[in-house]
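Listing of structure15.txt; format and content: compact mmCIF, C-alpha atoms and all ligand atoms.
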# COMPACT_ATOMS: atom_id res chain seq x y z
CA MET E 1 0.00 0.00 0.00
CA PRO E 2 1.29 3.49 -0.81
CA LYS E 3 1.46 6.04 1.99
CA ILE E 4 -1.46 8.41 2.44
CA PHE E 5 -0.76 12.15 2.22
CA ASP E 6 -3.70 14.01 3.72
CA THR E 7 -3.21 17.57 2.44
CA HIS E 8 -5.96 19.16 4.55
CA ALA E 9 -7.13 18.38 8.09
CA HIS E 10 -7.99 20.30 11.25
CA TYR E 11 -6.76 18.18 14.18
CA THR E 12 -7.13 21.09 16.62
CA ASP E 13 -10.93 20.95 16.13
CA SER E 14 -12.85 20.13 19.33
CA ARG E 15 -14.87 17.51 17.43
CA PHE E 16 -11.94 15.13 17.95
CA ASP E 17 -12.60 15.27 21.69
CA GLU E 18 -15.18 12.53 21.11
CA TYR E 19 -12.34 10.03 20.58
CA PRO E 20 -10.95 8.42 23.74
CA GLY E 21 -7.57 10.13 24.11
CA LYS E 22 -8.81 12.93 21.82
CA ALA E 23 -6.97 14.08 18.67
CA ALA E 24 -3.52 13.12 20.00
CA ALA E 25 -4.41 9.41 20.36
CA LEU E 26 -5.98 9.39 16.90
CA ILE E 27 -2.93 11.02 15.28
CA GLU E 28 -0.73 8.39 17.00
CA GLU E 29 -2.76 5.65 15.31
CA MET E 30 -2.44 7.07 11.82
CA PRO E 31 0.96 5.71 10.71
CA ALA E 32 -0.19 2.12 11.39
CA ALA E 33 -3.31 2.91 9.31
CA GLY E 34 -1.12 3.83 6.32
CA VAL E 35 -1.00 7.61 6.78
CA GLY E 36 2.40 9.04 5.87
CA ASN E 37 1.87 12.79 6.07
CA ILE E 38 -0.79 15.22 7.24
CA ILE E 39 -1.05 18.97 6.72
CA ASN E 40 -2.76 20.47 9.76
CA VAL E 41 -4.60 23.58 8.58
CA ALA E 42 -5.35 26.71 10.64
CA VAL E 43 -8.38 28.99 10.45
CA ASP E 44 -7.13 32.11 12.29
CA THR E 45 -3.96 33.45 13.94
CA GLN E 46 -4.86 32.13 17.40
CA ASN E 47 -5.59 28.67 15.96
CA SER E 48 -2.33 28.86 13.96
CA LEU E 49 -0.42 28.64 17.27
CA ASP E 50 -2.24 25.42 18.23
CA VAL E 51 -1.81 23.99 14.74
CA ILE E 52 1.95 24.60 14.91
CA ARG E 53 2.20 23.16 18.43
CA GLN E 54 0.40 19.99 17.29
CA ALA E 55 2.48 19.69 14.10
CA ARG E 56 5.67 19.97 16.15
CA SER E 57 4.52 17.13 18.41
CA PHE E 58 4.04 14.58 15.62
CA GLU E 59 6.73 13.50 13.23
CA ASN E 60 4.66 13.31 10.06
CA MET E 61 2.51 16.39 10.57
CA TYR E 62 3.07 19.78 8.95
CA ALA E 63 1.34 23.11 9.52
CA ALA E 64 -0.51 25.58 7.30
CA VAL E 65 -1.08 28.96 8.94
CA GLY E 66 -3.58 31.56 7.87
CA ILE E 67 -6.93 33.25 8.31
CA HIS E 68 -10.07 31.61 6.91
CA PRO E 69 -12.41 34.11 5.22
CA THR E 70 -15.23 33.61 7.73
CA GLU E 71 -12.86 34.09 10.69
CA ALA E 72 -11.33 37.42 9.60
CA TRP E 73 -13.82 39.59 11.48
CA HIS E 74 -12.63 38.62 14.96
CA GLU E 75 -8.87 39.06 14.46
CA GLU E 76 -7.52 41.36 17.18
CA GLY E 77 -6.15 44.59 15.73
CA GLY E 78 -7.88 43.94 12.40
CA LEU E 79 -5.91 43.23 9.25
CA ASP E 80 -2.69 44.90 10.48
CA GLY E 81 -2.67 43.00 13.77
CA ALA E 82 -3.42 39.68 12.08
CA MET E 83 -0.79 40.12 9.39
CA SER E 84 1.94 41.03 11.83
CA ARG E 85 1.20 37.89 13.89
CA LEU E 86 1.15 35.75 10.75
CA ARG E 87 4.40 37.25 9.49
CA SER E 88 6.17 36.48 12.75
CA LEU E 89 4.99 32.83 12.68
CA LEU E 90 6.25 32.54 9.11
CA GLU E 91 9.64 33.95 10.10
CA GLY E 92 10.13 30.69 11.98
CA LYS E 93 8.81 28.66 9.06
CA GLU E 94 11.27 25.73 9.37
CA LYS E 95 11.10 25.39 13.13
CA ASN E 96 7.29 25.77 13.03
CA LYS E 97 7.04 23.11 10.25
CA ILE E 98 4.98 25.51 8.11
CA VAL E 99 4.59 24.32 4.51
CA ALA E 100 1.75 26.61 3.34
CA VAL E 101 -0.33 29.70 4.01
CA GLY E 102 -3.90 28.56 4.52
CA GLU E 103 -6.64 28.25 4.55
CA ILE E 104 -7.35 31.56 2.86
CA GLY E 105 -9.92 32.65 0.31
CA LEU E 106 -13.51 33.80 -0.05
CA ASP E 107 -16.73 32.37 1.35
CA TYR E 108 -20.04 33.86 0.22
CA HIS E 109 -22.16 31.04 1.61
CA TYR E 110 -23.66 33.11 4.41
CA GLU E 111 -25.70 36.14 3.40
CA ASN E 112 -24.50 38.65 5.98
CA THR E 113 -20.84 38.24 5.09
CA ASP E 114 -18.49 41.24 4.74
CA LYS E 115 -17.07 40.67 1.27
CA ALA E 116 -14.72 43.68 1.39
CA LEU E 117 -13.17 42.46 4.66
CA GLN E 118 -12.71 38.93 3.24
CA GLN E 119 -11.11 40.37 0.12
CA SER E 120 -8.60 42.48 2.07
CA PHE E 121 -7.49 39.48 4.19
CA PHE E 122 -7.28 37.24 1.13
CA GLU E 123 -5.12 39.66 -0.84
CA ALA E 124 -2.81 40.48 2.08
CA GLN E 125 -2.17 36.76 2.63
CA LEU E 126 -1.59 36.09 -1.08
CA GLU E 127 0.90 38.94 -1.11
CA LEU E 128 2.69 37.52 1.92
CA ALA E 129 2.82 34.04 0.33
CA GLN E 130 4.17 35.57 -2.87
CA SER E 131 6.92 37.43 -1.04
CA LEU E 132 7.95 34.27 0.88
CA ASP E 133 7.55 31.91 -2.10
CA ILE E 134 5.38 29.52 -0.08
CA PRO E 135 2.33 27.64 -1.47
CA VAL E 136 -1.24 28.57 -0.47
CA ILE E 137 -4.35 26.53 0.36
CA ILE E 138 -7.46 28.18 -1.07
CA HIS E 139 -10.95 27.97 0.41
CA ASP E 140 -13.52 28.93 -2.25
CA ARG E 141 -17.13 28.53 -1.24
CA ASP E 142 -19.77 30.01 -3.54
CA ALA E 143 -17.20 32.60 -4.64
CA HIS E 144 -15.60 31.00 -7.72
CA GLY E 145 -15.45 34.07 -9.97
CA ASP E 146 -13.95 36.40 -7.35
CA CYS E 147 -11.50 33.74 -6.08
CA PHE E 148 -10.24 33.09 -9.58
CA GLU E 149 -9.89 36.81 -10.40
CA THR E 150 -8.04 37.42 -7.14
CA VAL E 151 -5.45 34.66 -7.52
CA LEU E 152 -4.74 35.94 -11.05
CA LYS E 153 -3.56 39.21 -9.47
CA TYR E 154 -0.69 37.26 -7.86
CA PRO E 155 0.75 35.37 -10.81
CA LYS E 156 3.75 34.00 -8.89
CA VAL E 157 1.60 32.36 -6.21
CA ARG E 158 0.94 28.60 -6.52
CA GLY E 159 -1.01 26.19 -4.43
CA VAL E 160 -4.21 24.22 -4.26
CA PHE E 161 -7.93 24.89 -4.41
CA HIS E 162 -9.14 22.64 -1.60
CA SER E 163 -12.32 20.52 -1.74
CA TYR E 164 -12.80 21.87 -5.25
CA SER E 165 -16.33 22.87 -6.20
CA GLY E 166 -15.74 25.14 -9.21
CA SER E 167 -16.25 24.39 -12.89
CA ALA E 168 -14.12 22.25 -15.20
CA GLU E 169 -13.30 25.41 -17.19
CA MET E 170 -11.96 27.22 -14.14
CA ALA E 171 -9.96 24.12 -13.12
CA LYS E 172 -8.44 24.05 -16.58
CA GLU E 173 -7.38 27.70 -16.35
CA LEU E 174 -5.90 27.17 -12.87
CA ILE E 175 -4.00 24.06 -13.99
CA ARG E 176 -2.60 25.96 -16.97
CA ARG E 177 -1.19 28.45 -14.44
CA GLY E 178 0.44 25.75 -12.30
CA TRP E 179 -2.24 25.22 -9.65
CA TYR E 180 -3.36 21.93 -8.08
CA ILE E 181 -6.95 20.78 -7.56
CA SER E 182 -7.91 18.82 -4.45
CA PHE E 183 -10.92 16.60 -3.83
CA SER E 184 -12.40 15.64 -0.47
CA GLY E 185 -15.00 13.10 0.68
CA VAL E 186 -17.65 15.12 -1.19
CA ILE E 187 -16.63 13.25 -4.36
CA SER E 188 -18.02 10.03 -2.82
CA PHE E 189 -21.47 11.55 -2.13
CA LYS E 190 -24.36 10.21 -4.15
CA ASN E 191 -25.62 13.72 -4.91
CA ALA E 192 -22.27 14.97 -6.27
CA PRO E 193 -22.14 13.78 -9.91
CA ARG E 194 -20.94 17.24 -10.97
CA VAL E 195 -17.87 17.04 -8.73
CA ARG E 196 -17.00 13.64 -10.26
CA GLU E 197 -17.43 15.05 -13.74
CA VAL E 198 -15.14 18.00 -12.97
CA CYS E 199 -12.60 15.61 -11.40
CA SER E 200 -12.46 13.54 -14.58
CA SER E 201 -11.15 16.61 -16.43
CA VAL E 202 -8.19 17.18 -14.07
CA PRO E 203 -4.84 15.75 -15.24
CA LEU E 204 -3.56 13.19 -12.71
CA GLU E 205 -0.33 15.09 -12.15
CA ARG E 206 -2.30 18.04 -10.71
CA LEU E 207 -4.63 16.08 -8.48
CA LEU E 208 -4.52 16.13 -4.67
CA CYS E 209 -6.54 14.26 -2.07
CA GLU E 210 -7.66 15.47 1.36
CA THR E 211 -10.04 14.75 4.22
CA ASP E 212 -10.83 18.23 5.69
CA ALA E 213 -11.19 16.14 8.89
CA PRO E 214 -13.19 16.30 11.12
CA TYR E 215 -15.53 17.54 8.35
CA LEU E 216 -16.67 16.05 5.02
CA ALA E 217 -16.28 12.35 5.88
CA PRO E 218 -16.64 10.20 2.73
CA GLU E 219 -19.27 7.52 2.25
CA PRO E 220 -19.88 5.23 4.13
CA TYR E 221 -19.03 7.59 7.03
CA ARG E 222 -20.83 10.69 5.73
CA GLY E 223 -21.84 12.94 8.66
CA LYS E 224 -19.46 11.21 11.08
CA CYS E 225 -16.19 12.61 12.47
CA ASN E 226 -13.68 12.32 9.63
CA ARG E 227 -10.06 11.12 10.06
CA SER E 228 -7.02 10.90 7.76
CA ASP E 229 -7.21 7.14 7.10
CA TYR E 230 -10.76 7.54 5.71
CA ILE E 231 -9.08 9.17 2.71
CA THR E 232 -8.92 5.70 1.15
CA TYR E 233 -12.70 5.94 0.49
CA THR E 234 -12.16 9.27 -1.26
CA ALA E 235 -9.28 7.77 -3.26
CA GLN E 236 -11.55 4.86 -4.22
CA ALA E 237 -14.18 7.31 -5.52
CA ILE E 238 -11.53 9.23 -7.48
CA GLY E 239 -10.15 5.93 -8.79
CA ARG E 240 -13.60 5.01 -10.14
CA VAL E 241 -13.71 8.34 -11.98
CA PHE E 242 -10.45 7.54 -13.79
CA GLY E 243 -10.89 3.77 -13.98
CA ILE E 244 -7.73 3.15 -11.92
CA SER E 245 -7.12 1.66 -8.49
CA CYS E 246 -7.35 3.39 -5.13
CA GLU E 247 -3.68 2.49 -4.56
CA GLU E 248 -2.68 4.22 -7.77
CA ILE E 249 -4.58 7.39 -6.75
CA LEU E 250 -2.91 7.36 -3.32
CA ARG E 251 0.51 6.93 -4.94
CA ILE E 252 -0.02 9.73 -7.47
CA THR E 253 -1.54 12.19 -4.98
CA GLU E 254 1.22 11.53 -2.44
CA GLU E 255 3.83 12.26 -5.08
CA ASN E 256 2.03 15.47 -6.12
CA ALA E 257 1.63 16.66 -2.53
CA LYS E 258 5.31 16.08 -1.80
CA LYS E 259 6.25 18.07 -4.86
CA LEU E 260 4.00 21.02 -4.00
CA PHE E 261 4.43 21.26 -0.22
CA LEU E 262 7.70 19.48 0.62
CA LYS E 263 9.53 20.36 -2.63
CA THR E 264 10.76 16.78 -2.99
ZN ZN U 301 -10.64 23.17 5.96
How would this structure read if it were set down as structure tokens?
Ligand SMILES: [Zn+2]
Amino acid sequence: MPKIFDTHAHYTDSRFDEYPGKAAALIEEMPAAGVGNIINVAVDTQNSLDVIRQARSFENMYAAVGIHPTEAWHEEGGLDGAMSRLRSLLEGKEKNKIVAVGEIGLDYHYENTDKALQQSFFEAQLELAQSLDIPVIIHDRDAHGDCFETVLKYPKVRGVFHSYSGSAEMAKELIRRGWYISFSGVISFKNAPRVREVCSSVPLERLLCETDAPYLAPEPYRGKCNRSDYITYTAQAIGRVFGISCEEILRITEENAKKLFLKT
């Protein structure tokens, strides 16, 4: 079996408290379940500290630090305060095991959202990633057009659109510009034929796989607390799209993730 590379999980989430021994015990179990590497993703600057602490405690865990679009409003000191905290974490990039800025982006799912605030945080973090030459992890929920336009403003930035929900056309344009496209457990859902169709248009060398644990558990665990080893069900669903084995998908996506995030 190839090693699993889970490119997106949130092991600081309190939902893992339902496991005996909490997140720590679960993470300990992962290598025996075939999981090679995990990127632990932050949602704000406070959470970034916990994400780093956790990543430093486990050999095969890396950190992504950043401010999620729906969390921007509560950052102390607004954009300037948040960016100075983020910059100082990134100064210790190696010691903090940081391999990406994320998750960042736009989320228009909720009606009362402050789009201008989201945009300012998104652009400031893209600019920071560009200046440090570090990949980004993009969260794009119901904001495909604006997300796409915004990343185009930073042509040197590369990274991944996580749990991709945009069109095949947009994926094609992103891929042409060097971006990666990642699929989560959503691809295994019965009511997601469109996601499978879009996936079939992505070249294998630009494909990534993720859990977004504890969220988005694949079938047959939909609605349950997700964990990195469940990624095999997502890889099976992707494999069916391409007519190749789950093992082959795990091998290819691990190789791609290493190239993007670990530069190996
Ligand atoms: Zn996430």
*Please provide the set of residues having any atom within 9 Å of region 57-70 of chain E, restricted to only C-alpha atoms, with same-chain residues fewer than 2 positions apart removed, written as a count of residues only.*
56
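Closest approach to ligand ZN 301 (chain U) from the set E:Ser120, E:Thr12, E:Thr232, E:Ser84 is made by E:Thr12, with distances taken over all atoms listed in the file.
With CA of Thr234 (chain E) on one side and CA of Ser163 (chain E) on the other, the separation reads 11.3 Å.
Here CA of Gly159 (chain E) stands at a distance of 17.2 Å from CA of Cys199 (chain E).
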*Just the residues within 12 Å of Phe5 (chain E), please, counting only C-alpha atoms, with nothing from its chain fewer than 2 positions along; format it as a PyMOL selection string.*
chain E and resi 2-3+7-9+30-31+33-40+60-62+182+208-211+228-232+235+249-262
*Got a sec: who's within 10 Å of region 189-198 of chain E, counting all atoms listed in the file, leaving out chain neighbours fewer than 6 positions off, as an MDAnalysis selection string?*
chainID E and resid 163:172 183 216:220 222 234 237:238 240:242
Written file, previous selection with C-alpha atoms, as a short mmCIF file (atom, residue, chain, number, x, y, z; two decimals), in the frame of the given file:
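Result file out.cif:
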data_model
loop_
_atom_site.label_atom_id
_atom_site.label_comp_id
_atom_site.auth_asym_id
_atom_site.auth_seq_id
_atom_site.Cartn_x
_atom_site.Cartn_y
_atom_site.Cartn_z
CA SER E 163 -12.32 20.52 -1.74
CA TYR E 164 -12.80 21.87 -5.25
CA SER E 165 -16.33 22.87 -6.20
CA GLY E 166 -15.74 25.14 -9.21
CA SER E 167 -16.25 24.39 -12.89
CA ALA E 168 -14.12 22.25 -15.20
CA GLU E 169 -13.30 25.41 -17.19
CA MET E 170 -11.96 27.22 -14.14
CA ALA E 171 -9.96 24.12 -13.12
CA LYS E 172 -8.44 24.05 -16.58
CA PHE E 183 -10.92 16.60 -3.83
CA LEU E 216 -16.67 16.05 5.02
CA ALA E 217 -16.28 12.35 5.88
CA PRO E 218 -16.64 10.20 2.73
CA GLU E 219 -19.27 7.52 2.25
CA PRO E 220 -19.88 5.23 4.13
CA ARG E 222 -20.83 10.69 5.73
CA THR E 234 -12.16 9.27 -1.26
CA ALA E 237 -14.18 7.31 -5.52
CA ILE E 238 -11.53 9.23 -7.48
CA ARG E 240 -13.60 5.01 -10.14
CA VAL E 241 -13.71 8.34 -11.98
CA PHE E 242 -10.45 7.54 -13.79
#
*Counting all atoms listed in the file, which of E:Glu18, E:Glu248, E:Thr264, E:His74 gets nearest to Ile4 (chain E)?*
E:Glu248
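Proximity to ligand ZN 301 (chain U) was assessed for E:Arg56, E:Lys156, E:His10, E:Lys93 counting all atoms listed in the file; the smallest distance is recorded for E:His10.
The spacing separating CA of Tyr154 (chain E) from CA of Ala213 (chain E) amounts to 28.9 Å.
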*Of the candidates E:Thr150, E:Ser200, E:Gln236, E:Ser184, which shows the shortest atom-to-atom distance to ligand ZN 301 (chain U), using all atoms listed in the file?*
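Ranked by minimum distance to ligand ZN 301 (chain U), first place goes to E:Ser184.
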*asked:* At a cut-off of 6 Å, using only C-alpha atoms, what residues contact Gln130 (chain E)? Leave out same-chain residues fewer than 3 positions from it and give the result as a PyMOL selection string.
replied: chain E and resi 127+133+157
